[in-house]
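Structure data follow from upload.txt (compact mmCIF, N, CA and C atoms):
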# COMPACT_ATOMS: atom_id res chain seq x y z
N MET A 1 -129.41 124.81 -80.20
CA MET A 1 -129.31 123.37 -80.02
C MET A 1 -128.61 123.03 -78.71
N LYS A 2 -127.55 123.75 -78.37
CA LYS A 2 -126.84 123.50 -77.13
C LYS A 2 -127.74 123.76 -75.94
N LYS A 3 -128.56 124.79 -76.05
CA LYS A 3 -129.48 125.13 -74.95
C LYS A 3 -130.49 124.01 -74.73
N MET A 4 -130.97 123.40 -75.80
CA MET A 4 -131.94 122.31 -75.71
C MET A 4 -131.31 121.09 -75.04
N ASN A 5 -130.07 120.75 -75.39
CA ASN A 5 -129.37 119.63 -74.76
C ASN A 5 -129.14 119.90 -73.28
N TYR A 6 -128.79 121.12 -72.97
CA TYR A 6 -128.56 121.52 -71.58
C TYR A 6 -129.84 121.34 -70.75
N ILE A 7 -130.97 121.74 -71.30
CA ILE A 7 -132.26 121.59 -70.62
C ILE A 7 -132.60 120.11 -70.44
N LYS A 8 -132.32 119.29 -71.45
CA LYS A 8 -132.58 117.85 -71.35
C LYS A 8 -131.74 117.23 -70.24
N ILE A 9 -130.48 117.61 -70.17
CA ILE A 9 -129.60 117.07 -69.13
C ILE A 9 -130.10 117.46 -67.76
N ILE A 10 -130.52 118.70 -67.58
CA ILE A 10 -131.05 119.15 -66.29
C ILE A 10 -132.31 118.39 -65.93
N LEU A 11 -133.20 118.18 -66.87
CA LEU A 11 -134.44 117.42 -66.63
C LEU A 11 -134.13 115.97 -66.25
N ILE A 12 -133.19 115.36 -66.93
CA ILE A 12 -132.83 113.98 -66.62
C ILE A 12 -132.21 113.87 -65.24
N LEU A 13 -131.31 114.78 -64.91
CA LEU A 13 -130.69 114.77 -63.58
C LEU A 13 -131.73 115.01 -62.48
N THR A 14 -132.64 115.93 -62.73
CA THR A 14 -133.70 116.19 -61.76
C THR A 14 -134.55 114.96 -61.56
N LEU A 15 -134.89 114.29 -62.63
CA LEU A 15 -135.68 113.07 -62.55
C LEU A 15 -134.94 111.98 -61.78
N VAL A 16 -133.65 111.80 -62.08
CA VAL A 16 -132.86 110.78 -61.40
C VAL A 16 -132.79 111.06 -59.91
N TYR A 17 -132.51 112.30 -59.53
CA TYR A 17 -132.39 112.62 -58.11
C TYR A 17 -133.73 112.58 -57.38
N SER A 18 -134.81 112.91 -58.07
CA SER A 18 -136.12 112.88 -57.41
C SER A 18 -136.64 111.46 -57.24
N CYS A 19 -136.16 110.52 -58.03
CA CYS A 19 -136.59 109.13 -57.94
C CYS A 19 -135.60 108.26 -57.19
N SER A 20 -134.72 108.85 -56.50
CA SER A 20 -133.70 108.10 -55.77
C SER A 20 -134.36 107.15 -54.78
N THR A 21 -133.79 105.96 -54.64
CA THR A 21 -134.31 104.98 -53.69
C THR A 21 -133.62 105.07 -52.35
N LYS A 22 -132.73 106.02 -52.21
CA LYS A 22 -132.01 106.16 -50.95
C LYS A 22 -132.98 106.54 -49.84
N LYS A 23 -132.92 105.81 -48.75
CA LYS A 23 -133.78 106.05 -47.60
C LYS A 23 -132.98 106.75 -46.52
N THR A 24 -133.63 107.60 -45.79
CA THR A 24 -132.98 108.21 -44.64
C THR A 24 -133.69 107.73 -43.39
N PHE A 25 -132.93 107.43 -42.37
CA PHE A 25 -133.47 106.92 -41.13
C PHE A 25 -133.26 107.94 -40.03
N GLN A 26 -134.25 108.09 -39.19
CA GLN A 26 -134.11 108.97 -38.05
C GLN A 26 -133.36 108.25 -36.95
N ASN A 27 -132.42 108.95 -36.35
CA ASN A 27 -131.77 108.35 -35.20
C ASN A 27 -132.58 108.66 -33.95
N ASP A 28 -132.18 108.08 -32.84
CA ASP A 28 -132.95 108.24 -31.60
C ASP A 28 -133.06 109.69 -31.17
N ASP A 29 -132.03 110.50 -31.43
CA ASP A 29 -132.09 111.91 -31.04
C ASP A 29 -133.18 112.64 -31.80
N GLU A 30 -133.38 112.29 -33.07
CA GLU A 30 -134.42 112.93 -33.86
C GLU A 30 -135.81 112.49 -33.41
N ILE A 31 -135.94 111.26 -32.96
CA ILE A 31 -137.24 110.76 -32.52
C ILE A 31 -137.60 111.34 -31.16
N GLY A 32 -136.63 111.56 -30.33
CA GLY A 32 -136.88 112.19 -29.04
C GLY A 32 -136.45 111.33 -27.87
N GLN A 33 -136.41 111.95 -26.72
CA GLN A 33 -135.98 111.25 -25.52
C GLN A 33 -137.04 110.27 -25.04
N ASN A 34 -138.29 110.53 -25.32
CA ASN A 34 -139.39 109.67 -24.88
C ASN A 34 -140.02 109.04 -26.13
N SER A 35 -139.82 107.75 -26.27
CA SER A 35 -140.34 107.07 -27.46
C SER A 35 -140.59 105.60 -27.14
N ILE A 36 -141.13 104.91 -28.12
CA ILE A 36 -141.40 103.49 -28.01
C ILE A 36 -140.78 102.81 -29.22
N THR A 37 -140.08 101.72 -28.98
CA THR A 37 -139.60 100.89 -30.07
C THR A 37 -140.46 99.63 -30.06
N ALA A 38 -141.29 99.50 -31.09
CA ALA A 38 -142.15 98.32 -31.22
C ALA A 38 -141.41 97.30 -32.08
N ILE A 39 -141.36 96.07 -31.59
CA ILE A 39 -140.66 95.00 -32.30
C ILE A 39 -141.68 93.89 -32.57
N LYS A 40 -141.78 93.51 -33.82
CA LYS A 40 -142.71 92.46 -34.23
C LYS A 40 -141.91 91.21 -34.60
N PHE A 41 -142.31 90.08 -34.03
CA PHE A 41 -141.67 88.80 -34.35
C PHE A 41 -142.34 88.25 -35.60
N MET A 42 -141.58 88.07 -36.66
CA MET A 42 -142.14 87.67 -37.95
C MET A 42 -142.09 86.16 -38.19
N GLY A 43 -141.58 85.39 -37.24
CA GLY A 43 -141.51 83.95 -37.41
C GLY A 43 -142.88 83.34 -37.61
N THR A 44 -142.94 82.33 -38.43
CA THR A 44 -144.19 81.61 -38.68
C THR A 44 -144.02 80.16 -38.24
N VAL A 45 -145.05 79.39 -38.38
CA VAL A 45 -145.01 77.98 -38.00
C VAL A 45 -143.91 77.25 -38.77
N THR A 46 -143.68 77.64 -40.01
CA THR A 46 -142.65 76.95 -40.80
C THR A 46 -141.24 77.38 -40.44
N THR A 47 -141.05 78.63 -39.98
CA THR A 47 -139.71 79.09 -39.63
C THR A 47 -139.42 78.95 -38.13
N HIS A 48 -140.46 78.90 -37.33
CA HIS A 48 -140.30 78.78 -35.87
C HIS A 48 -141.49 77.99 -35.33
N PRO A 49 -141.41 76.65 -35.36
CA PRO A 49 -142.59 75.81 -35.10
C PRO A 49 -143.05 75.73 -33.64
N SER A 50 -142.29 76.26 -32.69
CA SER A 50 -142.72 76.15 -31.30
C SER A 50 -143.25 77.49 -30.80
N SER A 51 -143.84 77.48 -29.63
CA SER A 51 -144.34 78.72 -29.03
C SER A 51 -143.19 79.69 -28.80
N THR A 52 -143.51 80.96 -28.89
CA THR A 52 -142.50 81.99 -28.71
C THR A 52 -142.69 82.62 -27.34
N ASN A 53 -141.73 82.39 -26.45
CA ASN A 53 -141.77 83.04 -25.15
C ASN A 53 -140.76 84.19 -25.17
N GLU A 54 -140.57 84.83 -24.04
CA GLU A 54 -139.67 85.98 -24.00
C GLU A 54 -138.26 85.61 -24.45
N LYS A 55 -137.76 84.47 -23.98
CA LYS A 55 -136.39 84.05 -24.30
C LYS A 55 -136.22 83.77 -25.79
N SER A 56 -137.13 83.01 -26.37
CA SER A 56 -137.00 82.70 -27.80
C SER A 56 -137.29 83.92 -28.68
N PHE A 57 -138.15 84.83 -28.19
CA PHE A 57 -138.40 86.08 -28.92
C PHE A 57 -137.09 86.81 -29.16
N TRP A 58 -136.29 86.96 -28.12
CA TRP A 58 -135.03 87.70 -28.22
C TRP A 58 -133.91 86.87 -28.85
N ALA A 59 -134.05 85.56 -28.86
CA ALA A 59 -133.00 84.70 -29.42
C ALA A 59 -132.97 84.74 -30.95
N PHE A 60 -134.09 85.05 -31.59
CA PHE A 60 -134.17 85.04 -33.05
C PHE A 60 -134.34 86.46 -33.59
N LYS A 61 -133.33 87.27 -33.42
CA LYS A 61 -133.40 88.69 -33.82
C LYS A 61 -133.52 88.88 -35.32
N ASP A 62 -133.11 87.88 -36.09
CA ASP A 62 -133.28 87.98 -37.54
C ASP A 62 -134.74 87.90 -37.96
N GLU A 63 -135.61 87.54 -37.04
CA GLU A 63 -137.06 87.49 -37.30
C GLU A 63 -137.77 88.77 -36.86
N HIS A 64 -137.03 89.81 -36.46
CA HIS A 64 -137.62 91.04 -35.94
C HIS A 64 -137.79 92.10 -37.02
N VAL A 65 -138.88 92.83 -36.89
CA VAL A 65 -139.13 94.03 -37.66
C VAL A 65 -139.39 95.13 -36.63
N ILE A 66 -138.84 96.32 -36.85
CA ILE A 66 -138.87 97.36 -35.83
C ILE A 66 -139.61 98.60 -36.33
N LEU A 67 -140.40 99.18 -35.44
CA LEU A 67 -141.11 100.44 -35.69
C LEU A 67 -140.82 101.38 -34.53
N LYS A 68 -140.38 102.58 -34.84
CA LYS A 68 -140.15 103.60 -33.81
C LYS A 68 -141.41 104.47 -33.74
N ILE A 69 -141.91 104.64 -32.51
CA ILE A 69 -143.12 105.44 -32.29
C ILE A 69 -142.79 106.53 -31.29
N ARG A 70 -143.26 107.72 -31.54
CA ARG A 70 -143.10 108.77 -30.55
C ARG A 70 -144.47 109.32 -30.18
N ASN A 71 -144.55 109.87 -29.03
CA ASN A 71 -145.78 110.53 -28.56
C ASN A 71 -146.99 109.60 -28.52
N TYR A 72 -146.81 108.40 -28.04
CA TYR A 72 -147.93 107.49 -27.87
C TYR A 72 -147.79 106.86 -26.49
N ASN A 73 -148.80 106.99 -25.67
CA ASN A 73 -148.70 106.57 -24.28
C ASN A 73 -149.35 105.20 -24.05
N ILE A 74 -148.81 104.20 -24.68
CA ILE A 74 -149.35 102.85 -24.57
C ILE A 74 -149.20 102.30 -23.15
N LEU A 75 -148.17 102.71 -22.44
CA LEU A 75 -147.95 102.19 -21.09
C LEU A 75 -149.12 102.51 -20.18
N ASP A 76 -149.60 103.74 -20.21
CA ASP A 76 -150.76 104.11 -19.38
C ASP A 76 -152.02 103.37 -19.81
N GLU A 77 -152.18 103.16 -21.13
CA GLU A 77 -153.34 102.41 -21.62
C GLU A 77 -153.33 100.98 -21.08
N VAL A 78 -152.18 100.34 -21.12
CA VAL A 78 -152.08 98.96 -20.64
C VAL A 78 -152.29 98.90 -19.13
N LYS A 79 -151.70 99.84 -18.40
CA LYS A 79 -151.85 99.84 -16.94
C LYS A 79 -153.30 100.07 -16.51
N SER A 80 -154.10 100.68 -17.36
CA SER A 80 -155.51 100.92 -17.02
C SER A 80 -156.39 99.69 -17.27
N LEU A 81 -155.82 98.64 -17.86
CA LEU A 81 -156.58 97.42 -18.14
C LEU A 81 -156.74 96.57 -16.89
N LYS A 82 -157.57 95.52 -17.03
CA LYS A 82 -157.80 94.57 -15.95
C LYS A 82 -156.52 93.76 -15.70
N ASN A 83 -156.05 93.77 -14.47
CA ASN A 83 -154.83 93.06 -14.07
C ASN A 83 -155.15 91.56 -13.97
N LYS A 84 -154.33 90.75 -14.61
CA LYS A 84 -154.53 89.29 -14.61
C LYS A 84 -153.50 88.56 -13.76
N GLY A 85 -152.74 89.27 -12.93
CA GLY A 85 -151.76 88.61 -12.06
C GLY A 85 -150.36 88.67 -12.63
N ASN A 86 -149.56 87.68 -12.29
CA ASN A 86 -148.15 87.71 -12.65
C ASN A 86 -147.73 86.58 -13.58
N ASP A 87 -148.66 85.91 -14.24
CA ASP A 87 -148.31 84.82 -15.13
C ASP A 87 -147.94 85.36 -16.51
N MET A 88 -146.85 84.87 -17.05
CA MET A 88 -146.41 85.27 -18.38
C MET A 88 -147.16 84.45 -19.42
N MET A 89 -147.68 85.10 -20.47
CA MET A 89 -148.38 84.37 -21.53
C MET A 89 -147.39 83.54 -22.34
N MET A 90 -147.88 82.60 -23.09
CA MET A 90 -147.01 81.69 -23.84
C MET A 90 -146.42 82.35 -25.10
N ASP A 91 -147.25 82.85 -26.00
CA ASP A 91 -146.75 83.39 -27.27
C ASP A 91 -146.49 84.88 -27.18
N VAL A 92 -145.27 85.26 -27.47
CA VAL A 92 -144.89 86.67 -27.50
C VAL A 92 -144.66 87.03 -28.96
N ASN A 93 -145.50 87.92 -29.49
CA ASN A 93 -145.37 88.34 -30.88
C ASN A 93 -144.88 89.78 -31.01
N TYR A 94 -145.09 90.57 -29.97
CA TYR A 94 -144.67 91.97 -29.99
C TYR A 94 -143.96 92.32 -28.69
N SER A 95 -142.98 93.20 -28.83
CA SER A 95 -142.33 93.79 -27.67
C SER A 95 -142.35 95.30 -27.86
N PHE A 96 -142.60 96.02 -26.80
CA PHE A 96 -142.60 97.47 -26.83
C PHE A 96 -141.59 97.95 -25.78
N LEU A 97 -140.51 98.53 -26.25
CA LEU A 97 -139.50 99.06 -25.35
C LEU A 97 -139.82 100.52 -25.10
N ILE A 98 -140.16 100.85 -23.85
CA ILE A 98 -140.58 102.20 -23.48
C ILE A 98 -139.34 102.97 -23.04
N LYS A 99 -139.06 104.07 -23.75
CA LYS A 99 -137.89 104.87 -23.45
C LYS A 99 -138.34 106.22 -22.89
N GLN A 100 -137.84 106.55 -21.71
CA GLN A 100 -138.12 107.84 -21.09
C GLN A 100 -136.79 108.46 -20.68
N ASN A 101 -136.62 109.73 -21.06
CA ASN A 101 -135.37 110.45 -20.79
C ASN A 101 -134.15 109.67 -21.30
N ASN A 102 -134.26 109.18 -22.53
CA ASN A 102 -133.18 108.44 -23.20
C ASN A 102 -132.78 107.14 -22.52
N LYS A 103 -133.67 106.54 -21.72
CA LYS A 103 -133.36 105.31 -21.01
C LYS A 103 -134.56 104.38 -21.10
N ILE A 104 -134.35 103.10 -21.41
CA ILE A 104 -135.45 102.14 -21.46
C ILE A 104 -135.87 101.85 -20.02
N THR A 105 -137.14 102.15 -19.73
CA THR A 105 -137.64 102.01 -18.37
C THR A 105 -138.57 100.82 -18.20
N ASP A 106 -139.29 100.45 -19.24
CA ASP A 106 -140.26 99.37 -19.15
C ASP A 106 -140.27 98.60 -20.47
N THR A 107 -140.73 97.36 -20.39
CA THR A 107 -140.93 96.54 -21.58
C THR A 107 -142.32 95.94 -21.50
N LEU A 108 -143.07 96.09 -22.58
CA LEU A 108 -144.39 95.47 -22.71
C LEU A 108 -144.28 94.35 -23.73
N TYR A 109 -144.95 93.25 -23.47
CA TYR A 109 -145.05 92.15 -24.43
C TYR A 109 -146.52 91.93 -24.74
N SER A 110 -146.78 91.52 -25.98
CA SER A 110 -148.15 91.20 -26.36
C SER A 110 -148.16 90.02 -27.32
N ASP A 111 -149.31 89.39 -27.40
CA ASP A 111 -149.49 88.30 -28.35
C ASP A 111 -149.95 88.87 -29.69
N SER A 112 -150.25 88.02 -30.65
CA SER A 112 -150.63 88.50 -31.98
C SER A 112 -151.97 89.23 -31.98
N SER A 113 -152.84 88.94 -31.02
CA SER A 113 -154.14 89.60 -30.96
C SER A 113 -154.04 91.02 -30.39
N LEU A 114 -152.94 91.33 -29.73
CA LEU A 114 -152.74 92.61 -29.03
C LEU A 114 -153.79 92.82 -27.96
N LYS A 115 -154.30 91.71 -27.40
CA LYS A 115 -155.28 91.79 -26.31
C LYS A 115 -154.69 91.33 -24.98
N SER A 116 -153.67 90.51 -25.02
CA SER A 116 -152.99 90.05 -23.80
C SER A 116 -151.67 90.81 -23.69
N TRP A 117 -151.43 91.37 -22.53
CA TRP A 117 -150.26 92.22 -22.32
C TRP A 117 -149.52 91.80 -21.06
N VAL A 118 -148.20 91.88 -21.13
CA VAL A 118 -147.34 91.64 -19.97
C VAL A 118 -146.43 92.84 -19.82
N LEU A 119 -146.43 93.42 -18.64
CA LEU A 119 -145.53 94.52 -18.32
C LEU A 119 -144.37 93.95 -17.53
N LYS A 120 -143.17 94.13 -18.06
CA LYS A 120 -141.97 93.69 -17.34
C LYS A 120 -141.27 94.94 -16.81
N LYS A 121 -141.20 95.01 -15.50
CA LYS A 121 -140.51 96.12 -14.85
C LYS A 121 -139.47 95.49 -13.94
N GLY A 122 -138.20 95.62 -14.31
CA GLY A 122 -137.16 94.91 -13.57
C GLY A 122 -137.33 93.43 -13.80
N LYS A 123 -137.50 92.68 -12.72
CA LYS A 123 -137.71 91.23 -12.82
C LYS A 123 -139.15 90.84 -12.52
N THR A 124 -140.03 91.83 -12.42
CA THR A 124 -141.43 91.60 -12.11
C THR A 124 -142.27 91.63 -13.39
N TYR A 125 -143.15 90.63 -13.52
CA TYR A 125 -144.06 90.54 -14.66
C TYR A 125 -145.49 90.71 -14.16
N THR A 126 -146.24 91.58 -14.83
CA THR A 126 -147.65 91.76 -14.50
C THR A 126 -148.45 91.63 -15.80
N MET A 127 -149.45 90.78 -15.77
CA MET A 127 -150.25 90.53 -16.98
C MET A 127 -151.55 91.32 -16.94
N PHE A 128 -151.92 91.84 -18.11
CA PHE A 128 -153.15 92.62 -18.27
C PHE A 128 -153.93 92.05 -19.46
N SER A 129 -155.23 92.24 -19.43
CA SER A 129 -156.07 91.76 -20.51
C SER A 129 -156.95 92.88 -21.04
N ASP A 130 -156.95 93.03 -22.35
CA ASP A 130 -157.79 94.01 -23.03
C ASP A 130 -158.91 93.24 -23.72
N ASP A 131 -159.92 92.85 -22.94
CA ASP A 131 -160.99 92.00 -23.47
C ASP A 131 -161.74 92.64 -24.64
N GLU A 132 -161.87 93.96 -24.64
CA GLU A 132 -162.59 94.65 -25.71
C GLU A 132 -161.71 94.91 -26.94
N GLY A 133 -160.40 94.80 -26.80
CA GLY A 133 -159.49 95.00 -27.93
C GLY A 133 -159.33 96.43 -28.37
N LYS A 134 -159.51 97.38 -27.46
CA LYS A 134 -159.41 98.80 -27.83
C LYS A 134 -157.98 99.20 -28.20
N ILE A 135 -157.00 98.70 -27.46
CA ILE A 135 -155.62 99.04 -27.78
C ILE A 135 -155.24 98.47 -29.15
N ALA A 136 -155.63 97.23 -29.41
CA ALA A 136 -155.36 96.61 -30.71
C ALA A 136 -155.99 97.42 -31.84
N GLN A 137 -157.21 97.84 -31.64
CA GLN A 137 -157.91 98.63 -32.65
C GLN A 137 -157.17 99.95 -32.90
N ASN A 138 -156.77 100.64 -31.82
CA ASN A 138 -156.05 101.91 -31.97
C ASN A 138 -154.72 101.72 -32.69
N LEU A 139 -153.99 100.69 -32.30
CA LEU A 139 -152.70 100.44 -32.94
C LEU A 139 -152.86 100.11 -34.42
N ARG A 140 -153.81 99.26 -34.74
CA ARG A 140 -154.00 98.85 -36.14
C ARG A 140 -154.52 99.98 -37.02
N GLN A 141 -155.31 100.88 -36.42
CA GLN A 141 -155.79 102.03 -37.20
C GLN A 141 -154.68 103.06 -37.41
N SER A 142 -153.76 103.15 -36.46
CA SER A 142 -152.70 104.15 -36.54
C SER A 142 -151.48 103.67 -37.31
N TYR A 143 -151.18 102.38 -37.26
CA TYR A 143 -149.95 101.85 -37.85
C TYR A 143 -150.23 100.53 -38.57
N SER A 144 -149.97 100.46 -39.86
CA SER A 144 -150.18 99.22 -40.62
C SER A 144 -149.23 98.12 -40.13
N PHE A 145 -148.18 98.48 -39.44
CA PHE A 145 -147.22 97.55 -38.85
C PHE A 145 -147.92 96.47 -38.01
N PHE A 146 -149.03 96.82 -37.38
CA PHE A 146 -149.73 95.89 -36.47
C PHE A 146 -150.81 95.07 -37.17
N ASN A 147 -150.99 95.26 -38.46
CA ASN A 147 -151.94 94.45 -39.22
C ASN A 147 -151.25 93.17 -39.69
N ASP A 148 -152.03 92.14 -39.96
CA ASP A 148 -151.46 90.89 -40.44
C ASP A 148 -150.78 91.05 -41.80
N CYS A 149 -151.40 91.81 -42.66
CA CYS A 149 -150.83 92.05 -44.00
C CYS A 149 -150.44 93.51 -44.09
N TRP A 150 -149.17 93.76 -44.13
CA TRP A 150 -148.69 95.14 -44.23
C TRP A 150 -147.59 95.16 -45.22
Would you mind writing the file's structure down as C-alpha cells?
Amino acid sequence: MKKMNYIKIILILTLVYSCSTKKTFQNDDEIGQNSITAIKFMGTVTTHPSSTNEKSFWAFKDEHVILKIRNYNILDEVKSLKNKGNDMMMDVNYSFLIKQNNKITDTLYSDSSLKSWVLKKGKTYTMFSDDEGKIAQNLRQSYSFFNDCW
C-alpha cells in the first residue's frame, strides 16, 4: 500500500512539473550578436485615433509587442527594393531594430501592409516600396506575429 501511494505522489508531482506555466525567455546573449527585434504597434482606432508616426510609435510603449528574430536578413531584402526617396510614411505599425555585433546599427519602419519601408540610418531616412509584397508574404508565412490575427 505504501508503494502505491509513493507511485501516486511521483505521478502527481511529475504531472504538476510538466504542466508548469512558467515561461523562460532568451536573453540577447542566447539569441546572438546579430539579431532583429521586431516591434508591433498594437494601438487601434479606439485606443490611438490619430496616425502613428515615428514619434508617437515610440511614445506609446505600452502598445508594443516584441518578437526577437535571429538569422533573418531583412535589411538586405529592403535595400534591394525600389527606392522611393527620403519621405517618411505616415503610419508606422512595425519597427525592426537591426543589431550587428551587439549594437543596433539600423532601424526599419513599416506600415501594416509591410509593403512600405523606411530605413533610418543615423538621421537619414530612405523610403522603399515592395509593390509585389514579397517581404510581407515571407514574414507572414514565417511568423504569425505579422498576421492580423495571431
Skip A:Phe57 itself and residues of its chain fewer than 4 positions away, then list as number ranges by chain all residues within 7 Å of it, counting only N, CA and C atoms. A: 41, 52-53, 61, 92
Write out as a CSV table (one decimal) with N, CA and C atoms, keeping the file's coordinate frame each polymer residue whose atoms come within 12 Å of A:Lys99, counting only C-alpha atoms; drop sequence neighbours fewer than 3 positions from it.
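Listed below is the output, part-v2.csv:
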chain,number,residue,atom,x,y,z
A,28,ASP,N,-132.2,108.1,-32.8
A,28,ASP,CA,-133.0,108.2,-31.6
A,28,ASP,C,-133.1,109.7,-31.2
A,29,ASP,N,-132.0,110.5,-31.4
A,29,ASP,CA,-132.1,111.9,-31.0
A,29,ASP,C,-133.2,112.6,-31.8
A,31,ILE,N,-135.9,111.3,-33.0
A,31,ILE,CA,-137.2,110.8,-32.5
A,31,ILE,C,-137.6,111.3,-31.2
A,32,GLY,N,-136.6,111.6,-30.3
A,32,GLY,CA,-136.9,112.2,-29.0
A,32,GLY,C,-136.4,111.3,-27.9
A,33,GLN,N,-136.4,112.0,-26.7
A,33,GLN,CA,-136.0,111.2,-25.5
A,33,GLN,C,-137.0,110.3,-25.0
A,34,ASN,N,-138.3,110.5,-25.3
A,34,ASN,CA,-139.4,109.7,-24.9
A,34,ASN,C,-140.0,109.0,-26.1
A,35,SER,N,-139.8,107.8,-26.3
A,35,SER,CA,-140.3,107.1,-27.5
A,35,SER,C,-140.6,105.6,-27.1
A,36,ILE,N,-141.1,104.9,-28.1
A,36,ILE,CA,-141.4,103.5,-28.0
A,36,ILE,C,-140.8,102.8,-29.2
A,37,THR,N,-140.1,101.7,-29.0
A,37,THR,CA,-139.6,100.9,-30.1
A,37,THR,C,-140.5,99.6,-30.1
A,38,ALA,N,-141.3,99.5,-31.1
A,38,ALA,CA,-142.2,98.3,-31.2
A,38,ALA,C,-141.4,97.3,-32.1
A,68,LYS,N,-140.4,102.6,-34.8
A,68,LYS,CA,-140.2,103.6,-33.8
A,68,LYS,C,-141.4,104.5,-33.7
A,69,ILE,N,-141.9,104.6,-32.5
A,69,ILE,CA,-143.1,105.4,-32.3
A,69,ILE,C,-142.8,106.5,-31.3
A,70,ARG,N,-143.3,107.7,-31.5
A,70,ARG,CA,-143.1,108.8,-30.6
A,70,ARG,C,-144.5,109.3,-30.2
A,71,ASN,N,-144.6,109.9,-29.0
A,71,ASN,CA,-145.8,110.5,-28.6
A,71,ASN,C,-147.0,109.6,-28.5
A,72,TYR,N,-146.8,108.4,-28.0
A,72,TYR,CA,-147.9,107.5,-27.9
A,72,TYR,C,-147.8,106.9,-26.5
A,73,ASN,N,-148.8,107.0,-25.7
A,73,ASN,CA,-148.7,106.6,-24.3
A,73,ASN,C,-149.4,105.2,-24.0
A,74,ILE,N,-148.8,104.2,-24.7
A,74,ILE,CA,-149.4,102.8,-24.6
A,74,ILE,C,-149.2,102.3,-23.2
A,75,LEU,N,-148.2,102.7,-22.4
A,75,LEU,CA,-148.0,102.2,-21.1
A,75,LEU,C,-149.1,102.5,-20.2
A,96,PHE,N,-142.6,96.0,-26.8
A,96,PHE,CA,-142.6,97.5,-26.8
A,96,PHE,C,-141.6,98.0,-25.8
A,102,ASN,N,-134.3,109.2,-22.5
A,102,ASN,CA,-133.2,108.4,-23.2
A,102,ASN,C,-132.8,107.1,-22.5
A,103,LYS,N,-133.7,106.5,-21.7
A,103,LYS,CA,-133.4,105.3,-21.0
A,103,LYS,C,-134.6,104.4,-21.1
A,104,ILE,N,-134.4,103.1,-21.4
A,104,ILE,CA,-135.4,102.1,-21.5
A,104,ILE,C,-135.9,101.8,-20.0
A,105,THR,N,-137.1,102.2,-19.7
A,105,THR,CA,-137.6,102.0,-18.4
A,105,THR,C,-138.6,100.8,-18.2
A,106,ASP,N,-139.3,100.4,-19.2
A,106,ASP,CA,-140.3,99.4,-19.2
A,106,ASP,C,-140.3,98.6,-20.5
A,107,THR,N,-140.7,97.4,-20.4
A,107,THR,CA,-140.9,96.5,-21.6
A,107,THR,C,-142.3,95.9,-21.5
A,108,LEU,N,-143.1,96.1,-22.6
A,108,LEU,CA,-144.4,95.5,-22.7
A,108,LEU,C,-144.3,94.4,-23.7
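Nearest to A:Ser113 of all the residues A:Ser144, A:Gln137, A:Thr126, A:Ser95 is A:Gln137, based on all atoms listed in the file.
Taking atom CA of A:Leu119 as the reference point, atom N of A:Asn83 is found at 11.2 Å.
Every protein or nucleic acid residue with an atom no more than 8 Å from stretch 131-133 of chain A, counting all atoms listed in the file and leaving out same-chain residues fewer than 3 positions away, appears here: A:Leu81, A:Lys82, A:Ser113, A:Leu114, A:Lys115, A:Ser116, A:Phe128, A:Ala136, A:Gln137, A:Asn138, A:Leu139.
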How would the residues just picked look written out with N, CA and C atoms as a CSV table (one decimal), in the frame of the given file?
chain,number,residue,atom,x,y,z
A,81,LEU,N,-155.8,98.6,-17.9
A,81,LEU,CA,-156.6,97.4,-18.1
A,81,LEU,C,-156.7,96.6,-16.9
A,82,LYS,N,-157.6,95.5,-17.0
A,82,LYS,CA,-157.8,94.6,-16.0
A,82,LYS,C,-156.5,93.8,-15.7
A,113,SER,N,-152.8,88.9,-31.0
A,113,SER,CA,-154.1,89.6,-31.0
A,113,SER,C,-154.0,91.0,-30.4
A,114,LEU,N,-152.9,91.3,-29.7
A,114,LEU,CA,-152.7,92.6,-29.0
A,114,LEU,C,-153.8,92.8,-28.0
A,115,LYS,N,-154.3,91.7,-27.4
A,115,LYS,CA,-155.3,91.8,-26.3
A,115,LYS,C,-154.7,91.3,-25.0
A,116,SER,N,-153.7,90.5,-25.0
A,116,SER,CA,-153.0,90.0,-23.8
A,116,SER,C,-151.7,90.8,-23.7
A,128,PHE,N,-151.9,91.8,-18.1
A,128,PHE,CA,-153.2,92.6,-18.3
A,128,PHE,C,-153.9,92.0,-19.5
A,136,ALA,N,-155.6,97.2,-29.4
A,136,ALA,CA,-155.4,96.6,-30.7
A,136,ALA,C,-156.0,97.4,-31.8
A,137,GLN,N,-157.2,97.8,-31.6
A,137,GLN,CA,-157.9,98.6,-32.6
A,137,GLN,C,-157.2,100.0,-32.9
A,138,ASN,N,-156.8,100.6,-31.8
A,138,ASN,CA,-156.0,101.9,-32.0
A,138,ASN,C,-154.7,101.7,-32.7
A,139,LEU,N,-154.0,100.7,-32.3
A,139,LEU,CA,-152.7,100.4,-32.9
A,139,LEU,C,-152.9,100.1,-34.4
Can you pull out every residue from stretch 33-73 of chain A that DSSP, working from the backbone, puts in helix (DSSP H, G or I), and format the result as an MDAnalysis selection string? chainID A and resid 54:59 61:63
Take the selection from the previous step and output its residues with N, CA and C atoms, as a compact mmCIF listing (two decimals), keeping the file's coordinate frame.
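part05.txt written:
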# COMPACT_ATOMS: atom_id res chain seq x y z
N GLU A 54 -140.57 84.83 -24.04
CA GLU A 54 -139.67 85.98 -24.00
C GLU A 54 -138.26 85.61 -24.45
N LYS A 55 -137.76 84.47 -23.98
CA LYS A 55 -136.39 84.05 -24.30
C LYS A 55 -136.22 83.77 -25.79
N SER A 56 -137.13 83.01 -26.37
CA SER A 56 -137.00 82.70 -27.80
C SER A 56 -137.29 83.92 -28.68
N PHE A 57 -138.15 84.83 -28.19
CA PHE A 57 -138.40 86.08 -28.92
C PHE A 57 -137.09 86.81 -29.16
N TRP A 58 -136.29 86.96 -28.12
CA TRP A 58 -135.03 87.70 -28.22
C TRP A 58 -133.91 86.87 -28.85
N ALA A 59 -134.05 85.56 -28.86
CA ALA A 59 -133.00 84.70 -29.42
C ALA A 59 -132.97 84.74 -30.95
N LYS A 61 -133.33 87.27 -33.42
CA LYS A 61 -133.40 88.69 -33.82
C LYS A 61 -133.52 88.88 -35.32
N ASP A 62 -133.11 87.88 -36.09
CA ASP A 62 -133.28 87.98 -37.54
C ASP A 62 -134.74 87.90 -37.96
N GLU A 63 -135.61 87.54 -37.04
CA GLU A 63 -137.06 87.49 -37.30
C GLU A 63 -137.77 88.77 -36.86
Point-to-point distance from atom CA of A:Thr124 to atom CA of A:Met42, Å rounded to tenths: 26.1 Å
